[in-house]
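Q: I have a structure I would like to understand better, so I am pasting it below and will then ask my questions one at a time.
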Amino acid sequence: LRNSENGSRVISLTSTAALDVPGPLRLDDLDWKARGRHEAHAAYCESKACNILFADELARREAERGSSVTAFSIHPGPTATVGAVRYELPKRYQQRLQMSAQQLERQAAQLGIRTSAQASLGPLWLADSPTRQLASGGFYLDTDRLYGGAPPAWRTSEAARELWQLSEQYTK
């Protein structure tokens, strides 16, 4: 990545569900074993927060090196996919498993959400936009829309660094 003449980008898909995490992440319990009961929605939200922290830390590390590698996270928007409803709406998940691409498109239109093709436009925009127009480490909500709200309690440089270190340990 660092050897590219034009710079490289790492784009992490996330979700605004990350904003549902009420406080600091439980980085000491990423597998939820110490919490007793696994809560699917909370685990999903925390995993999306971790995707944002990954982009934050990669952007910080690469900037510190003077590298041309940039990193971003993006929420592709509510999308009619099979996986999107797996935990929250198990009946709809089972229904979507049986649906054709055309049926999924029709359902997306009826529900006012995006198809997979529409949801891909944000990440493609990030991949193709001039670097000078983007904020490395930015959390984008859509095409050309950087998250501008108050930073969630879990989005700290310390948490990003700790998550990175844990990831390094887990992947050795």
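Lettering and numbering for the structure tokens are positional, with chains as A, B, ... in the shown order, residues counted from 1 in each chain, and ligands counted from 1 in the shown order.
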Please return as a PyMOL selection string: the residues of segment 20-93 of chain A that backbone DSSP assigns to alpha helix (DSSP H).
A: chain A and resi 40-65+90-93
Q: Could those residues be written to a file, using N, CA, C and O atoms, as a tab-separated table (two decimals), in the first residue's frame?
A:
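Here's the written file part16.tsv:
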chain	number	residue	atom	x	y	z
A	40	ALA	N	-27.12	-9.58	20.57
A	40	ALA	CA	-26.77	-9.49	19.15
A	40	ALA	C	-26.71	-8.05	18.65
A	40	ALA	O	-25.76	-7.66	17.96
A	41	HIS	N	-27.70	-7.24	18.97
A	41	HIS	CA	-27.71	-5.85	18.48
A	41	HIS	C	-26.55	-5.06	19.07
A	41	HIS	O	-25.85	-4.32	18.36
A	42	ALA	N	-26.32	-5.21	20.36
A	42	ALA	CA	-25.22	-4.49	21.01
A	42	ALA	C	-23.87	-4.94	20.43
A	42	ALA	O	-22.98	-4.11	20.21
A	43	ALA	N	-23.73	-6.23	20.16
A	43	ALA	CA	-22.48	-6.74	19.57
A	43	ALA	C	-22.29	-6.16	18.17
A	43	ALA	O	-21.17	-5.78	17.78
A	44	TYR	N	-23.36	-6.08	17.40
A	44	TYR	CA	-23.29	-5.50	16.06
A	44	TYR	C	-22.86	-4.04	16.16
A	44	TYR	O	-21.96	-3.60	15.43
A	45	CYS	N	-23.47	-3.29	17.05
A	45	CYS	CA	-23.13	-1.87	17.21
A	45	CYS	C	-21.67	-1.71	17.60
A	45	CYS	O	-20.95	-0.86	17.05
A	46	GLU	N	-21.20	-2.52	18.54
A	46	GLU	CA	-19.80	-2.43	18.96
A	46	GLU	C	-18.86	-2.80	17.83
A	46	GLU	O	-17.80	-2.20	17.67
A	47	SER	N	-19.23	-3.81	17.02
A	47	SER	CA	-18.34	-4.19	15.91
A	47	SER	C	-18.22	-3.06	14.90
A	47	SER	O	-17.15	-2.83	14.33
A	48	LYS	N	-19.30	-2.32	14.69
A	48	LYS	CA	-19.26	-1.18	13.76
A	48	LYS	C	-18.45	-0.03	14.34
A	48	LYS	O	-17.78	0.69	13.62
A	49	ALA	N	-18.52	0.15	15.65
A	49	ALA	CA	-17.67	1.15	16.31
A	49	ALA	C	-16.20	0.77	16.14
A	49	ALA	O	-15.35	1.64	15.89
A	50	CYS	N	-15.91	-0.50	16.25
A	50	CYS	CA	-14.52	-0.96	16.07
A	50	CYS	C	-14.03	-0.69	14.65
A	50	CYS	O	-12.85	-0.35	14.44
A	51	ASN	N	-14.90	-0.80	13.66
A	51	ASN	CA	-14.50	-0.48	12.29
A	51	ASN	C	-14.10	0.98	12.15
A	51	ASN	O	-13.14	1.32	11.45
A	52	ILE	N	-14.81	1.86	12.84
A	52	ILE	CA	-14.47	3.29	12.82
A	52	ILE	C	-13.13	3.51	13.52
A	52	ILE	O	-12.26	4.23	13.01
A	53	LEU	N	-12.95	2.87	14.68
A	53	LEU	CA	-11.69	3.02	15.40
A	53	LEU	C	-10.51	2.49	14.59
A	53	LEU	O	-9.41	3.05	14.63
A	54	PHE	N	-10.72	1.41	13.85
A	54	PHE	CA	-9.65	0.87	12.99
A	54	PHE	C	-9.21	1.92	11.98
A	54	PHE	O	-8.02	2.18	11.81
A	55	ALA	N	-10.18	2.55	11.31
A	55	ALA	CA	-9.84	3.59	10.33
A	55	ALA	C	-9.17	4.78	11.00
A	55	ALA	O	-8.20	5.33	10.47
A	56	ASP	N	-9.65	5.16	12.18
A	56	ASP	CA	-9.03	6.26	12.92
A	56	ASP	C	-7.56	5.97	13.19
A	56	ASP	O	-6.68	6.81	12.96
A	57	GLU	N	-7.30	4.78	13.71
A	57	GLU	CA	-5.92	4.45	14.10
A	57	GLU	C	-5.02	4.25	12.90
A	57	GLU	O	-3.86	4.68	12.90
A	58	LEU	N	-5.53	3.63	11.84
A	58	LEU	CA	-4.71	3.47	10.64
A	58	LEU	C	-4.37	4.83	10.05
A	58	LEU	O	-3.22	5.08	9.67
A	59	ALA	N	-5.33	5.73	10.00
A	59	ALA	CA	-5.07	7.08	9.48
A	59	ALA	C	-4.01	7.78	10.33
A	59	ALA	O	-3.08	8.41	9.80
A	60	ARG	N	-4.12	7.66	11.64
A	60	ARG	CA	-3.15	8.30	12.53
A	60	ARG	C	-1.75	7.73	12.33
A	60	ARG	O	-0.77	8.47	12.18
A	61	ARG	N	-1.65	6.41	12.28
A	61	ARG	CA	-0.35	5.76	12.13
A	61	ARG	C	0.32	6.11	10.79
A	61	ARG	O	1.52	6.36	10.74
A	62	GLU	N	-0.47	6.11	9.75
A	62	GLU	CA	0.10	6.40	8.42
A	62	GLU	C	0.49	7.87	8.29
A	62	GLU	O	1.51	8.19	7.69
A	63	ALA	N	-0.28	8.77	8.87
A	63	ALA	CA	0.09	10.19	8.86
A	63	ALA	C	1.38	10.41	9.64
A	63	ALA	O	2.26	11.16	9.21
A	64	GLU	N	1.50	9.71	10.76
A	64	GLU	CA	2.71	9.81	11.59
A	64	GLU	C	3.95	9.35	10.82
A	64	GLU	O	5.03	9.88	11.00
A	65	ARG	N	3.79	8.37	9.96
A	65	ARG	CA	4.90	7.85	9.14
A	65	ARG	C	5.20	8.74	7.93
A	65	ARG	O	6.17	8.52	7.23
A	90	PRO	N	-35.39	-11.50	12.56
A	90	PRO	CA	-35.11	-12.85	12.06
A	90	PRO	C	-36.12	-13.37	11.03
A	90	PRO	O	-35.75	-14.08	10.10
A	91	LYS	N	-37.38	-12.98	11.15
A	91	LYS	CA	-38.38	-13.43	10.17
A	91	LYS	C	-38.11	-12.81	8.80
A	91	LYS	O	-38.21	-13.46	7.78
A	92	ARG	N	-37.76	-11.51	8.80
A	92	ARG	CA	-37.44	-10.86	7.52
A	92	ARG	C	-36.15	-11.45	6.94
A	92	ARG	O	-36.02	-11.60	5.74
A	93	TYR	N	-35.24	-11.82	7.80
A	93	TYR	CA	-34.00	-12.47	7.35
A	93	TYR	C	-34.33	-13.76	6.61
A	93	TYR	O	-33.85	-14.00	5.50
Q: Mind the document's chain letters and residue numbers, and return as a PDB file with N, CA, C and O atoms, in the first residue's frame the residues of chain A that DSSP labels strand (DSSP E).
A:
ATOM      1  N   SER A   8      -2.676   5.297  -1.413  1.00  0.00           N
ATOM      2  CA  SER A   8      -3.620   4.181  -1.285  1.00  0.00           C
ATOM      3  C   SER A   8      -4.659   4.545  -0.241  1.00  0.00           C
ATOM      4  O   SER A   8      -4.407   5.355   0.645  1.00  0.00           O
ATOM      5  N   ARG A   9      -5.797   3.899  -0.347  1.00  0.00           N
ATOM      6  CA  ARG A   9      -6.888   4.130   0.602  1.00  0.00           C
ATOM      7  C   ARG A   9      -7.385   2.814   1.171  1.00  0.00           C
ATOM      8  O   ARG A   9      -7.503   1.839   0.456  1.00  0.00           O
ATOM      9  N   VAL A  10      -7.710   2.866   2.431  1.00  0.00           N
ATOM     10  CA  VAL A  10      -8.356   1.739   3.089  1.00  0.00           C
ATOM     11  C   VAL A  10      -9.726   2.249   3.531  1.00  0.00           C
ATOM     12  O   VAL A  10      -9.822   3.247   4.246  1.00  0.00           O
ATOM     13  N   ILE A  11     -10.770   1.580   3.079  1.00  0.00           N
ATOM     14  CA  ILE A  11     -12.136   2.004   3.380  1.00  0.00           C
ATOM     15  C   ILE A  11     -12.817   0.906   4.188  1.00  0.00           C
ATOM     16  O   ILE A  11     -12.928  -0.229   3.734  1.00  0.00           O
ATOM     17  N   SER A  12     -13.247   1.256   5.387  1.00  0.00           N
ATOM     18  CA  SER A  12     -13.943   0.310   6.265  1.00  0.00           C
ATOM     19  C   SER A  12     -15.430   0.614   6.238  1.00  0.00           C
ATOM     20  O   SER A  12     -15.837   1.763   6.429  1.00  0.00           O
ATOM     21  N   LEU A  13     -16.220  -0.412   6.003  1.00  0.00           N
ATOM     22  CA  LEU A  13     -17.672  -0.235   6.070  1.00  0.00           C
ATOM     23  C   LEU A  13     -18.104  -0.293   7.523  1.00  0.00           C
ATOM     24  O   LEU A  13     -17.642  -1.132   8.291  1.00  0.00           O
ATOM     25  N   VAL A  69      -0.833   6.701   2.531  1.00  0.00           N
ATOM     26  CA  VAL A  69      -1.989   5.832   2.780  1.00  0.00           C
ATOM     27  C   VAL A  69      -2.999   6.613   3.626  1.00  0.00           C
ATOM     28  O   VAL A  69      -2.648   7.221   4.636  1.00  0.00           O
ATOM     29  N   THR A  70      -4.245   6.607   3.202  1.00  0.00           N
ATOM     30  CA  THR A  70      -5.322   7.237   3.958  1.00  0.00           C
ATOM     31  C   THR A  70      -6.348   6.172   4.329  1.00  0.00           C
ATOM     32  O   THR A  70      -6.421   5.112   3.704  1.00  0.00           O
ATOM     33  N   ALA A  71      -7.130   6.452   5.353  1.00  0.00           N
ATOM     34  CA  ALA A  71      -8.124   5.484   5.826  1.00  0.00           C
ATOM     35  C   ALA A  71      -9.421   6.212   6.159  1.00  0.00           C
ATOM     36  O   ALA A  71      -9.400   7.338   6.666  1.00  0.00           O
ATOM     37  N   PHE A  72     -10.517   5.554   5.883  1.00  0.00           N
ATOM     38  CA  PHE A  72     -11.838   6.140   6.076  1.00  0.00           C
ATOM     39  C   PHE A  72     -12.803   5.056   6.537  1.00  0.00           C
ATOM     40  O   PHE A  72     -12.582   3.879   6.304  1.00  0.00           O
ATOM     41  N   SER A  73     -13.890   5.481   7.138  1.00  0.00           N
ATOM     42  CA  SER A  73     -15.005   4.574   7.401  1.00  0.00           C
ATOM     43  C   SER A  73     -16.258   5.233   6.832  1.00  0.00           C
ATOM     44  O   SER A  73     -16.359   6.459   6.785  1.00  0.00           O
ATOM     45  N   ILE A  74     -17.177   4.391   6.385  1.00  0.00           N
ATOM     46  CA  ILE A  74     -18.401   4.921   5.774  1.00  0.00           C
ATOM     47  C   ILE A  74     -19.594   4.030   6.094  1.00  0.00           C
ATOM     48  O   ILE A  74     -19.491   2.802   6.129  1.00  0.00           O
ATOM     49  N   PHE A 139     -15.224   9.649   9.315  1.00  0.00           N
ATOM     50  CA  PHE A 139     -16.386   8.752   9.343  1.00  0.00           C
ATOM     51  C   PHE A 139     -17.444   9.419   8.482  1.00  0.00           C
ATOM     52  O   PHE A 139     -18.019  10.437   8.852  1.00  0.00           O
ATOM     53  N   TYR A 140     -17.675   8.847   7.305  1.00  0.00           N
ATOM     54  CA  TYR A 140     -18.620   9.418   6.348  1.00  0.00           C
ATOM     55  C   TYR A 140     -19.970   8.732   6.465  1.00  0.00           C
ATOM     56  O   TYR A 140     -20.054   7.513   6.593  1.00  0.00           O
ATOM     57  N   LEU A 141     -21.008   9.540   6.425  1.00  0.00           N
ATOM     58  CA  LEU A 141     -22.370   9.017   6.510  1.00  0.00           C
ATOM     59  C   LEU A 141     -22.933   8.713   5.139  1.00  0.00           C
ATOM     60  O   LEU A 141     -23.891   7.972   5.013  1.00  0.00           O
ATOM     61  N   ASP A 142     -22.349   9.303   4.131  1.00  0.00           N
ATOM     62  CA  ASP A 142     -22.836   9.134   2.775  1.00  0.00           C
ATOM     63  C   ASP A 142     -21.835   9.828   1.869  1.00  0.00           C
ATOM     64  O   ASP A 142     -20.840  10.376   2.331  1.00  0.00           O
ATOM     65  N   ARG A 145     -20.484  13.425   2.864  1.00  0.00           N
ATOM     66  CA  ARG A 145     -21.114  13.835   4.118  1.00  0.00           C
ATOM     67  C   ARG A 145     -20.353  13.273   5.308  1.00  0.00           C
ATOM     68  O   ARG A 145     -20.580  12.151   5.738  1.00  0.00           O
ATOM     69  N   LEU A 146     -19.430  14.047   5.823  1.00  0.00           N
ATOM     70  CA  LEU A 146     -18.630  13.661   6.976  1.00  0.00           C
ATOM     71  C   LEU A 146     -19.480  13.794   8.243  1.00  0.00           C
ATOM     72  O   LEU A 146     -20.221  14.767   8.395  1.00  0.00           O
TER      73      LEU A 146
END
Q: Provide the atom CA of His38 of chain A to atom CA of Leu166 of chain A distance in Å, to one decimal place.
A: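 Going from atom CA of His38 of chain A over to atom CA of Leu166 of chain A covers 20.5 Å.
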Q: What does the distance between atom CA of Ser4 of chain A and atom CA of Ser67 of chain A come to in Å, to one decimal place?
A: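 Value for the atom CA of Ser4 of chain A-atom CA of Ser67 of chain A distance: 10.0 Å.
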Q: Using only C-alpha atoms, which protein or nucleic acid residues come within 9 Å of Gly77 of chain A? Drop anything in the same chain fewer than 5 positions from it, and give the result as a list of chain:residue names.
A: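 Non-adjacent residues within range: A:Ser15, A:Thr16, A:Ile113, A:Arg114, A:Gln118, A:Ala119, A:Gly122, A:Leu141, A:Asp142.
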Q: Near segment 103-105 of chain A, counting only C-alpha atoms, which residues have an atom at most 10 Å away, once you skip same-chain residues fewer than 2 positions from it, shown as a ChimeraX atom specification?
A: /A:79-82,96-101,107-111,113-117
Q: With distances taken over only C-alpha atoms, which residue among A:Arg37, A:Leu121, A:Ser68, A:Glu168 lies nearest Arg2 of chain A?
A: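 Between A:Arg37, A:Leu121, A:Ser68, A:Glu168, the residue approaching Arg2 of chain A most closely is A:Ser68.
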Q: Measuring between only C-alpha atoms, which one of A:Ser120, A:Gly66, A:Leu27, A:Gln133 shows the shortest distance to Glu158 of chain A?
A: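 Smallest distance to Glu158 of chain A is found for A:Leu27.
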Q: When you count only C-alpha atoms, which of these residues is closest to Thr143 of chain A: A:His75, A:Thr156, A:Gln95, A:Lys33?
A: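 Looking only at the distances to Thr143 of chain A, the closest residue turns out to be A:His75.
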